[in-house]
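What follows is a short report on a single structure.
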Amino acid sequence: MVQPYAAKGEGIRVVEFVGAESGIAAAFAGWQLAAMGADVARLVVDFDDSRQTGSPIGAALDVLADGKSDSPWPADRAALDEALGSADILLCDAPAELAGLAGAIATLHEMHPDLVIGTASTFGLSGAYASFPAQALDAQAIGAVSWSLGEPGRAPLSMPPGILEHQSGAMLAAGCLVALHARDAGSGGQLVDIALADVLASYVAGGCRYFVHHGLTWERNGRRASGSGGAYPFVILPCKDGLVCICGRTRDEWNRFVAAMGSPDWAAEPRYQKLRAMGRDYPEEVDAQIMPWLAEHTMAELEAIALENGLIVSPLRELADVLDTPHFQDRGFLAETTGAGRSVRTAALPFHAMETRQDRATDIAADLLRAPRADTTAPIDPSAPLAGTRILDLGWVWSAPWVSTILGELGAEIIKVEHAKRPDNLRLAGRIVRDGAFVEGPSTEMSPMYHQVNHGKHGITLNIKKPEAVALLKRLVSQSDAIIENMSPGSLERSGLGYDAVKALNPRIVMLAMSAAGQFGELTKMRAYAPTMSSFVGMEKLIGYPGEDPIGALNLGLSDPSATVHALVPLLAALRRARVTGQGCYIDFSQIAALFGTLRPYILESQLTGRQPPPRGNRHPDMAPHGIYPARGKDTYLTLSVADDAQWQSLAKLAEGQSWAADTRFESAPGRLD
């Protein structure tokens, strides 16, 4: 039932604009904030919401309304100003539609100077493309995501609709929490402008640096990353009853895989000891050697072998199997709700927040945003809102280090801690290749991806087996606001520097632990890289050409940057709570649970239809045409999406004289979708 908006309690108050053009980004941002204790009220414009009938996108929007109250769009300006005047944050992913109803976003910002206005769109509120009518498909094109997906010589593929909009929604929630910090410090409300194209370009900027390092061309390469990403294996191959993703970057990982196969004689040959040559020059030859062993085992057997032997291997799982994963159910990463008029299961928050690091400790995630507004008389610089915040970065590779890098770009001081004899893995990719030759220099200092993911930080090396190093680290802990790590679960505890130990030194410290599956439960020993995580949660199974077996998205490595953006949200909320209450917390974050949540439309579709959603190429459940089409020139493509009948009429006018442009079947959206 629609009720007038009324603020409740002393926590954060959020207004979410819901119009005909609204989508997943703002809905997901609002859902995250509501799940952490914010009071979220949807202001709903009266429109035909038929898209929610039978559409996975509509079903996702339905369940993302959980935990929110609904109010009709205010009848007049005074009522709108009253609703916004009692709010801390306004969320919107249809800024043009909002502007048509309430006036220009900049004017709205001037009228409510204490309000944080968070917008998400394809190209942002400013810049050359800001006024373009655009979809997520276009962001994938300009951000180079689609260029890397699909078969060589065929049209590029896009990620299934709705998945990447969740990325934009997570970034929107994080951006609004940063702006809230500036507002709380007395700097007034800020305008948060999230462009999906920018988000995706930043993901690509991180991942493709690895290919640049090895002199590889980053391009569509089917079920294998380009040049195997620098070392074998990095591929999807068939097994006895399906497909399996196999990854490895190091000698130790390859040796474990060979041992699990029974150490066959061929693996001892010098030719199969050269990981880079295997990945770059003759990967199909190595595939042929391991495929007979894979063919003897089912996906379930390979999953068990991987856990037992520490292999980075995962089957391409169907969503029904993911929903039945005991670990997800046991750890509370699933929620029962109502979608499309029936009971369904969907993804819950991908983390637990606790005041002590213990299995089954009380989860305070739902209270992170219930802290009242902090009083302060020292405004901060909005261009560096996190100035004065110190972060200890104990992470490595991509996901955790990039969290602190983003915080550093927002003004925080970042101290990256490494062990001299076991540095960040990104330093260990070897010498840089340019024009087929090695670049001279210290390879551990030259990795392009390392610097992309870690720019702007101080760096120190510590051997925590030495007392003086432990003393220095404890001193840093006592003077810091947060610790970020993505080591194997329990690693810090075994070193004597776990959360309960550092909390005794600094009660307001926040620790973010980003493991593959979380700190507790049957999957804590899971070893994973991005493609095996996305295979495990069912994403790779969704990507491919219509009517064909899945291709996957190994070039993209979505799980790592997705984890980064999703982890920013609870970390920023916990930092705000610590500033207000003086109490820190431990955030047990699951990277696979975070990525699983972005598949929400297809999680619901699998339950509502009783079938695994097949690969659909570049098709959209609510738009037609919606695709990537060949243009004039070699390997040249363009995106084209038609969101409504008016856009179809514009397209038909441009194509006057083409038979399809005059076909009356295509004049309405249902006809085009058919």
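Residues in the structure tokens are numbered from 1 in each chain, the chains being A, B, ... in the order shown, and ligands are numbered from 1 in the order shown.
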Please return, as a ChimeraX atom specification, all residues of range 291-419 of chain A that DSSP assigns to strand (DSSP E or B) on the basis of the backbone. /A:313-315,334-339,342-347,351-354,390-393,413-419
Please produce an output containing N, CA and C atoms for each residue in the selection, written as an mmCIF file, in the first residue's frame.
```cif
data_model
loop_
_atom_site.group_PDB
_atom_site.id
_atom_site.type_symbol
_atom_site.label_atom_id
_atom_site.label_comp_id
_atom_site.auth_asym_id
_atom_site.auth_seq_id
_atom_site.Cartn_x
_atom_site.Cartn_y
_atom_site.Cartn_z
ATOM 1 N N VAL A 313 40.016 -24.290 -9.853
ATOM 2 C CA VAL A 313 39.167 -24.964 -10.827
ATOM 3 C C VAL A 313 37.726 -24.853 -10.355
ATOM 4 N N SER A 314 36.822 -24.595 -11.279
ATOM 5 C CA SER A 314 35.401 -24.574 -10.932
ATOM 6 C C SER A 314 34.571 -24.985 -12.131
ATOM 7 N N PRO A 315 33.523 -25.790 -11.907
ATOM 8 C CA PRO A 315 32.585 -26.053 -12.998
ATOM 9 C C PRO A 315 31.794 -24.806 -13.341
ATOM 10 N N LEU A 334 21.570 -15.958 1.237
ATOM 11 C CA LEU A 334 20.321 -16.044 0.486
ATOM 12 C C LEU A 334 19.182 -15.531 1.354
ATOM 13 N N ALA A 335 18.172 -14.964 0.708
ATOM 14 C CA ALA A 335 17.012 -14.441 1.421
ATOM 15 C C ALA A 335 15.736 -14.909 0.732
ATOM 16 N N GLU A 336 14.727 -15.208 1.516
ATOM 17 C CA GLU A 336 13.402 -15.533 0.989
ATOM 18 C C GLU A 336 12.625 -14.246 0.801
ATOM 19 N N THR A 337 11.983 -14.102 -0.353
ATOM 20 C CA THR A 337 11.204 -12.897 -0.611
ATOM 21 C C THR A 337 10.095 -13.231 -1.593
ATOM 22 N N THR A 338 9.378 -12.214 -2.023
ATOM 23 C CA THR A 338 8.316 -12.395 -3.014
ATOM 24 C C THR A 338 8.694 -11.657 -4.282
ATOM 25 N N GLY A 339 8.677 -12.375 -5.397
ATOM 26 C CA GLY A 339 8.973 -11.775 -6.688
ATOM 27 C C GLY A 339 8.014 -12.285 -7.728
ATOM 28 N N ARG A 342 5.223 -14.617 -6.344
ATOM 29 C CA ARG A 342 5.448 -15.921 -5.715
ATOM 30 C C ARG A 342 6.699 -15.892 -4.857
ATOM 31 N N SER A 343 6.809 -16.866 -3.982
ATOM 32 C CA SER A 343 7.960 -16.940 -3.088
ATOM 33 C C SER A 343 9.198 -17.360 -3.874
ATOM 34 N N VAL A 344 10.282 -16.615 -3.697
ATOM 35 C CA VAL A 344 11.540 -16.906 -4.387
ATOM 36 C C VAL A 344 12.688 -16.677 -3.421
ATOM 37 N N ARG A 345 13.842 -17.190 -3.798
ATOM 38 C CA ARG A 345 15.078 -16.914 -3.075
ATOM 39 C C ARG A 345 15.916 -15.949 -3.906
ATOM 40 N N THR A 346 16.568 -15.047 -3.221
ATOM 41 C CA THR A 346 17.423 -14.089 -3.909
ATOM 42 C C THR A 346 18.661 -13.836 -3.068
ATOM 43 N N ALA A 347 19.579 -13.054 -3.603
ATOM 44 C CA ALA A 347 20.829 -12.791 -2.897
ATOM 45 C C ALA A 347 20.608 -11.801 -1.763
ATOM 46 N N PHE A 351 28.044 -9.889 2.956
ATOM 47 C CA PHE A 351 28.998 -9.741 4.057
ATOM 48 C C PHE A 351 28.268 -9.822 5.383
ATOM 49 N N HIS A 352 29.034 -10.077 6.427
ATOM 50 C CA HIS A 352 28.569 -9.952 7.803
ATOM 51 C C HIS A 352 29.455 -8.919 8.493
ATOM 52 N N ALA A 353 28.856 -8.101 9.335
ATOM 53 C CA ALA A 353 29.603 -7.143 10.141
ATOM 54 C C ALA A 353 29.465 -7.559 11.601
ATOM 55 N N MET A 354 30.605 -7.654 12.290
ATOM 56 C CA MET A 354 30.599 -8.197 13.648
ATOM 57 C C MET A 354 31.521 -7.379 14.538
ATOM 58 N N ARG A 390 43.297 7.164 7.592
ATOM 59 C CA ARG A 390 44.464 6.331 7.287
ATOM 60 C C ARG A 390 44.020 4.874 7.138
ATOM 61 N N ILE A 391 44.461 4.243 6.057
ATOM 62 C CA ILE A 391 44.111 2.864 5.747
ATOM 63 C C ILE A 391 45.385 2.032 5.674
ATOM 64 N N LEU A 392 45.403 0.903 6.374
ATOM 65 C CA LEU A 392 46.477 -0.074 6.227
ATOM 66 C C LEU A 392 46.031 -1.117 5.206
ATOM 67 N N ASP A 393 46.773 -1.218 4.120
ATOM 68 C CA ASP A 393 46.441 -2.132 3.024
ATOM 69 C C ASP A 393 47.334 -3.367 3.122
ATOM 70 N N GLU A 413 44.947 8.514 3.343
ATOM 71 C CA GLU A 413 46.346 8.111 3.323
ATOM 72 C C GLU A 413 46.394 6.588 3.342
ATOM 73 N N ILE A 414 47.084 5.991 2.375
ATOM 74 C CA ILE A 414 47.138 4.539 2.250
ATOM 75 C C ILE A 414 48.570 4.067 2.491
ATOM 76 N N ILE A 415 48.736 3.102 3.378
ATOM 77 C CA ILE A 415 50.034 2.481 3.633
ATOM 78 C C ILE A 415 49.921 1.013 3.237
ATOM 79 N N LYS A 416 50.593 0.651 2.158
ATOM 80 C CA LYS A 416 50.562 -0.731 1.678
ATOM 81 C C LYS A 416 51.703 -1.502 2.328
ATOM 82 N N VAL A 417 51.349 -2.619 2.957
ATOM 83 C CA VAL A 417 52.312 -3.432 3.686
ATOM 84 C C VAL A 417 52.560 -4.719 2.911
ATOM 85 N N GLU A 418 53.831 -4.992 2.598
ATOM 86 C CA GLU A 418 54.207 -6.228 1.921
ATOM 87 C C GLU A 418 55.341 -6.916 2.677
ATOM 88 N N HIS A 419 55.542 -8.192 2.355
ATOM 89 C CA HIS A 419 56.685 -8.950 2.862
ATOM 90 C C HIS A 419 57.730 -8.966 1.751
#
```
Quick one: contact table of range 55-103 of chain A to range 118-123 of chain A, 8 Å max, nearest atom pair and distance in Å to one decimal per residue, counting only C-alpha atoms, chain and number order, as a Markdown table?
```
| residue | atom | partner | partner_atom | distance |
| --- | --- | --- | --- | --- |
| A:Ile89 | CA | A:Gly118 | CA | 7.1 |
| A:Leu90 | CA | A:Gly118 | CA | 5.9 |
| A:Leu91 | CA | A:Gly118 | CA | 4.9 |
| A:Cys92 | CA | A:Thr119 | CA | 4.9 |
| A:Asp93 | CA | A:Ala120 | CA | 4.5 |
| A:Ala94 | CA | A:Ser121 | CA | 6.9 |
| A:Pro95 | CA | A:Thr119 | CA | 6.6 |
```
Near-Ile592 in chain A list (7 Å; only C-alpha atoms; drop same-chain fewer than 6 positions) as a ChimeraX atom specification: /A:516-517,533,537
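Checking A:Arg154, A:Lys240, A:Lys457, A:Lys274 one by one against Met299 in chain A, counting only C-alpha atoms, you find the shortest gap at A:Lys240.
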What lies within 12 Å of Ala662 in chain A using only C-alpha atoms, ignoring chain neighbours under 5 positions off, as a list in words?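 Listed by chain and then number, they are Trp648, Gln649, Leu651, Ala652, Lys653, Leu654, Ala655, Glu656, Gly657 and Glu667 of chain A.
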Using only C-alpha atoms: which of A:Glu82, A:Asp184, A:Asp46, A:Glu308 has the shortest distance to Asp114 in chain A: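 Result for the nearest residue to Asp114 in chain A: A:Asp184.
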Which residue gives the smallest distance to Ser146 in chain A among A:Gly242, A:Gly582, A:Pro233, A:Gly617, with only C-alpha atoms counted?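 Result for the nearest residue to Ser146 in chain A: A:Gly617.
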Contacts of range 189-197 of chain A at 9 Å or less, counting only C-alpha atoms, minus same-chain residues fewer than 4 places along, as a PyMOL selection string? chain A and resi 88-89+105-106+109+112-126+136+138-143+164-165+167-169+171-172+175-176+179-180+182-184+201-202+382
